[in-house]
$ cat work_9.txt   # compact mmCIF, C-alpha atoms
# COMPACT_ATOMS: atom_id res chain seq x y z
CA MET A 1 65.02 -108.23 70.75
CA LYS A 2 67.49 -109.55 73.27
CA ALA A 3 70.34 -107.72 74.96
CA GLN A 4 73.79 -108.84 73.92
CA ALA A 5 77.14 -108.20 75.62
CA ILE A 6 79.31 -105.99 73.39
CA ARG A 7 82.64 -104.16 73.45
CA ILE A 8 82.49 -100.85 75.35
CA PRO A 9 81.78 -98.08 72.82
CA ASP A 10 84.44 -95.36 72.51
CA LEU A 11 81.80 -92.69 73.18
CA ALA A 12 80.93 -94.28 76.55
CA ARG A 13 84.62 -94.33 77.52
CA GLU A 14 85.02 -90.70 76.49
CA VAL A 15 82.13 -89.40 78.61
CA CYS A 16 82.84 -91.56 81.68
CA PRO A 17 84.92 -89.48 84.10
CA LEU A 18 85.94 -92.35 86.40
CA GLU A 19 89.48 -93.48 87.10
CA ASN A 20 90.68 -96.74 88.63
CA ILE A 21 87.96 -98.74 86.87
CA GLY A 22 87.73 -102.25 88.29
CA TYR A 23 84.85 -103.51 86.18
CA GLU A 24 83.14 -102.47 82.96
CA ASP A 25 80.58 -103.92 80.60
CA ALA A 26 78.20 -102.94 77.85
CA PHE A 27 75.02 -104.46 76.51
CA SER A 28 73.15 -103.52 73.37
CA ILE A 29 69.73 -104.20 72.00
CA ASP A 30 68.50 -103.65 68.47
CA ILE A 31 65.65 -101.20 68.19
CA PRO A 32 62.94 -102.15 65.66
CA THR A 33 62.25 -99.67 62.86
CA LEU A 34 58.81 -98.84 64.27
CA MET A 35 60.40 -97.74 67.54
CA MET A 36 63.06 -95.71 65.70
CA THR A 37 60.39 -93.65 63.93
CA LYS A 38 59.05 -92.65 67.34
CA LYS A 39 62.56 -91.38 68.28
CA TYR A 40 62.67 -91.92 72.01
CA SER A 41 65.44 -89.92 73.71
CA ALA A 42 68.19 -91.53 75.77
CA GLU A 43 66.58 -90.00 78.86
CA LYS A 44 63.26 -91.70 78.06
CA TRP A 45 65.09 -95.00 77.66
CA ALA A 46 66.91 -94.42 80.98
CA TYR A 47 63.58 -93.81 82.66
CA GLU A 48 62.25 -97.09 81.28
CA ILE A 49 65.38 -98.99 82.28
CA PHE A 50 65.71 -97.67 85.83
CA ALA A 51 62.41 -96.25 87.04
CA ASN A 52 59.79 -98.27 85.25
CA THR A 53 61.17 -101.70 86.13
CA PRO A 54 59.00 -104.53 87.43
CA PRO A 55 58.25 -103.83 91.13
CA ALA A 56 60.13 -106.88 92.48
CA ILE A 57 63.34 -105.96 90.62
CA ASN A 58 62.94 -102.30 91.56
CA GLN A 59 62.69 -103.26 95.22
CA ILE A 60 65.77 -105.53 95.07
CA VAL A 61 67.87 -102.92 93.26
CA SER A 62 66.69 -100.07 95.52
CA GLN A 63 67.40 -102.02 98.70
CA SER A 64 70.81 -103.14 97.44
CA TRP A 65 71.79 -99.61 96.44
CA ASN A 66 70.62 -98.16 99.77
CA THR A 67 72.52 -100.86 101.68
CA LEU A 68 75.68 -100.00 99.73
CA GLY A 69 75.25 -96.31 100.46
CA PHE A 70 73.87 -95.08 97.13
CA LYS A 71 71.14 -93.09 98.88
CA SER A 72 68.18 -91.65 97.02
CA LYS A 73 65.60 -89.06 98.00
CA SER A 74 62.89 -91.29 96.58
CA GLU A 75 63.02 -95.05 96.09
CA SER A 76 60.94 -94.87 92.94
CA HIS A 77 62.77 -92.15 91.04
CA TRP A 78 66.17 -93.00 89.54
CA GLN A 79 67.03 -89.33 89.00
CA SER A 80 66.84 -88.61 92.73
CA LEU A 81 70.07 -90.32 93.71
CA GLU A 82 71.72 -87.83 96.05
CA SER A 83 75.25 -88.35 94.81
CA ALA A 84 74.35 -88.39 91.11
CA THR A 85 76.08 -86.31 88.47
CA MET A 86 74.39 -86.33 85.07
CA ILE A 87 75.02 -85.30 81.50
CA LYS A 88 71.94 -85.32 79.29
CA GLN A 89 71.86 -85.09 75.52
CA ASP A 90 69.26 -86.28 73.07
CA ASP A 91 71.07 -89.52 72.18
CA LEU A 92 73.09 -89.95 75.38
CA ILE A 93 72.65 -89.81 79.13
CA MET A 94 75.51 -90.35 81.55
CA MET A 95 75.06 -90.72 85.29
CA VAL A 96 77.74 -91.13 87.95
CA VAL A 97 76.84 -92.14 91.50
CA HIS A 98 79.17 -92.37 94.47
CA SER A 99 78.96 -94.17 97.79
CA ASP A 100 81.15 -92.88 100.61
CA SER A 101 80.34 -95.88 102.77
CA VAL A 102 81.83 -98.46 100.36
CA ASP A 103 84.06 -96.02 98.42
CA ILE A 104 82.76 -97.04 95.00
CA GLN A 105 81.62 -94.98 92.04
CA ILE A 106 79.41 -96.24 89.23
CA CYS A 107 79.09 -94.58 85.85
CA MET A 108 76.20 -95.65 83.62
CA VAL A 109 76.01 -94.47 80.03
CA ILE A 110 72.95 -95.00 77.88
CA ASN A 111 73.29 -94.02 74.29
CA LEU A 112 71.51 -94.51 71.01
CA ILE A 113 73.66 -95.29 67.99
CA GLU A 114 71.74 -95.79 64.75
CA SER A 115 69.29 -98.63 65.49
CA GLN A 116 70.91 -99.77 68.75
CA LEU A 117 70.42 -98.87 72.38
CA ILE A 118 73.62 -99.34 74.38
CA PHE A 119 73.88 -99.53 78.17
CA SER A 120 77.49 -99.28 79.42
CA SER A 121 78.53 -99.53 83.06
CA PHE A 122 81.82 -98.68 84.74
CA PHE A 123 82.59 -99.48 88.39
CA SER A 124 85.46 -97.69 90.10
CA ARG A 125 86.89 -98.64 93.47
CA GLY A 126 88.31 -96.22 95.95
CA HIS A 127 91.04 -96.57 98.53
CA LYS A 128 89.16 -98.17 101.43
CA TRP A 129 90.29 -101.75 101.95
CA PHE A 130 86.79 -103.19 101.44
CA SER A 131 86.01 -101.37 98.19
CA THR A 132 87.65 -104.11 96.07
CA PRO A 133 85.73 -107.09 97.55
CA THR A 134 82.50 -105.04 97.55
CA LEU A 135 83.01 -104.17 93.90
CA LYS A 136 83.49 -107.85 93.05
CA MET A 137 80.29 -108.73 94.91
CA MET A 138 78.37 -106.08 92.95
CA THR A 139 79.49 -107.18 89.50
CA VAL A 140 78.04 -110.71 89.61
CA PRO A 141 74.38 -109.67 89.97
CA HIS A 142 74.99 -106.68 87.70
CA ARG A 143 75.89 -108.99 84.78
CA PHE A 144 72.41 -110.54 85.05
CA ILE A 145 70.34 -107.53 86.06
CA ALA A 146 71.65 -105.03 83.47
CA PRO A 147 70.62 -107.06 80.38
CA TYR A 148 67.33 -107.97 82.07
CA LEU A 149 66.57 -104.29 82.67
CA LEU A 150 67.43 -103.52 79.06
CA ASN A 151 65.25 -106.35 77.72
CA THR A 152 62.21 -105.46 79.82
CA ALA A 153 62.53 -101.75 78.98
CA ALA A 154 62.65 -102.59 75.26
CA GLU A 155 59.54 -104.73 75.58
CA ARG A 156 57.65 -101.90 77.33
CA MET A 157 58.81 -99.35 74.73
CA LYS A 158 57.84 -101.74 71.92
CA LEU A 159 54.32 -102.06 73.34
CA LYS A 160 54.03 -98.28 73.65
CA SER A 161 55.13 -97.86 70.02
CA TYR A 162 52.50 -100.32 68.78
CA ILE A 163 49.76 -98.77 70.91
CA PHE A 164 50.42 -95.29 69.51
CA VAL A 165 50.52 -96.52 65.90
CA VAL A 166 47.17 -98.36 65.97
$ encode --input "work_9.txt" --output "structure tokens"
Amino acid sequence: MKAQAIRIPDLAREVCPLENIGYEDAFSIDIPTLMMTKKYSAEKWAYEIFANTPPAINQIVSQSWNTLGFKSKSESHWQSLESATMIKQDDLIMMVVHSDSVDIQICMVINLIESQLIFSSFFSRGHKWFSTPTLKMMTVPHRFIAPYLLNTAAERMKLKSYIFVV
């Protein structure tokens, strides 16, 4: 299991409400049959991707997001982002966060399609002069961190699946 860059799924585009998108990407990972029989929801996957990350990565991401103005009520809980808007369904979760300080919105869509988990991200810049350079600075680490988060979440979920089967 290794995350691969893919074309943005139509479903992710349809549920993302952002305009003026300056960056977008999607990564997918194949889900082994054993994990499919367990039928983890998109919300459970989102929890593994964002909240259950290795502590060092969690600290880096939390500090970066707080610096950029994506404030949360709790550093350890991804659902506590103050500016978050969410749509939750069994096979899809969509979250939009906004930062007034850098005038950027991020939409993250996690969806399950057959035996794949897909993590799509959309970054939208606002009208403040520094939103464009800030957005460009954010995309470089995102291209490395997003697949890493997906890979490590899949490894944790795989271990949980094997533990419950034995």
$ atom_distance --input "work_9.txt" --atom1 "atom CA of Trp65 of chain A" --atom2 "atom CA of Asn52 of chain A"
16.5 Å
$ closest_residue --input "work_9.txt" --among "A:Ala153, A:Gly69, A:Glu48, A:Asp25" --to "Ser99 of chain A" --atoms "all atoms listed in the file"
A:Gly69
$ atom_distance --input "work_9.txt" --atom1 "atom CA of Ile31 of chain A" --atom2 "atom CA of Gln116 of chain A"
5.5 Å
$ residues_around --input "work_9.txt" --residues "Trp129 of chain A" --least-positions-apart "5" --cutoff "12 Å" --atoms "only C-alpha atoms" --output "short mmCIF file (atom, residue, chain, number, x, y, z; two decimals) with C-alpha atoms, in the frame of the given file"
data_model
loop_
_atom_site.label_atom_id
_atom_site.label_comp_id
_atom_site.auth_asym_id
_atom_site.auth_seq_id
_atom_site.Cartn_x
_atom_site.Cartn_y
_atom_site.Cartn_z
CA SER A 101 80.34 -95.88 102.77
CA VAL A 102 81.83 -98.46 100.36
CA ASP A 103 84.06 -96.02 98.42
CA ILE A 104 82.76 -97.04 95.00
CA THR A 134 82.50 -105.04 97.55
CA LEU A 135 83.01 -104.17 93.90
#
$ residues_around --input "work_9.txt" --residues "Arg125 of chain A" --least-positions-apart "4" --cutoff "12 Å" --atoms "all atoms listed in the file" --output "PyMOL selection string"
chain A and resi 18-24+98-107+129-136+138-139
$ residues_around --input "work_9.txt" --residues "Gln4 of chain A" --least-positions-apart "2" --cutoff "7 Å" --atoms "only C-alpha atoms" --output "list in words"
Lys2, Ile6, Phe27, Ser28 and Ile29 of chain A
$ closest_residue --input "work_9.txt" --among "A:Phe123, A:Ala26, A:Pro147, A:Thr67" --to "Ala12 of chain A" --atoms "all atoms listed in the file"
A:Ala26
$ atom_distance --input "work_9.txt" --atom1 "atom CA of Glu114 of chain A" --atom2 "atom CA of Lys88 of chain A"
17.9 Å
$ residues_near_point --input "work_9.txt" --point "(83.4, -83.9, 83.5)" --cutoff "12 Å" --atoms "all atoms listed in the file" --output "ChimeraX atom specification"
/A:14-19,85-87,94-96,107
$ residues_around --input "work_9.txt" --residues "Asn151 of chain A" --least-positions-apart "3" --cutoff "9 Å" --atoms "all atoms listed in the file" --output "JSON, numbers by chain"
{"A": [1, 2, 3, 29, 49, 146, 147, 148, 154, 155, 156]}
$ write_last_selection --input "work_9.txt" --atoms "C-alpha atoms" --output "CSV table (one decimal), in the frame of the given file"
chain,number,residue,atom,x,y,z
A,1,MET,CA,65.0,-108.2,70.8
A,2,LYS,CA,67.5,-109.6,73.3
A,3,ALA,CA,70.3,-107.7,75.0
A,29,ILE,CA,69.7,-104.2,72.0
A,49,ILE,CA,65.4,-99.0,82.3
A,146,ALA,CA,71.6,-105.0,83.5
A,147,PRO,CA,70.6,-107.1,80.4
A,148,TYR,CA,67.3,-108.0,82.1
A,154,ALA,CA,62.6,-102.6,75.3
A,155,GLU,CA,59.5,-104.7,75.6
A,156,ARG,CA,57.6,-101.9,77.3
$ residues_around --input "work_9.txt" --residues "Glu43 of chain A" --least-positions-apart "5" --cutoff "8 Å" --atoms "only C-alpha atoms" --output "MDAnalysis selection string"
chainID A and resid 88:90 92:93
$ closest_residue --input "work_9.txt" --among "A:Leu149, A:Leu112, A:Val140, A:Ala46" --to "Asp30 of chain A" --atoms "all atoms listed in the file"
A:Leu112
$ closest_residue --input "work_9.txt" --among "A:Tyr47, A:Met137, A:Val109, A:Leu150" --to "Leu68 of chain A" --atoms "all atoms listed in the file"
A:Met137
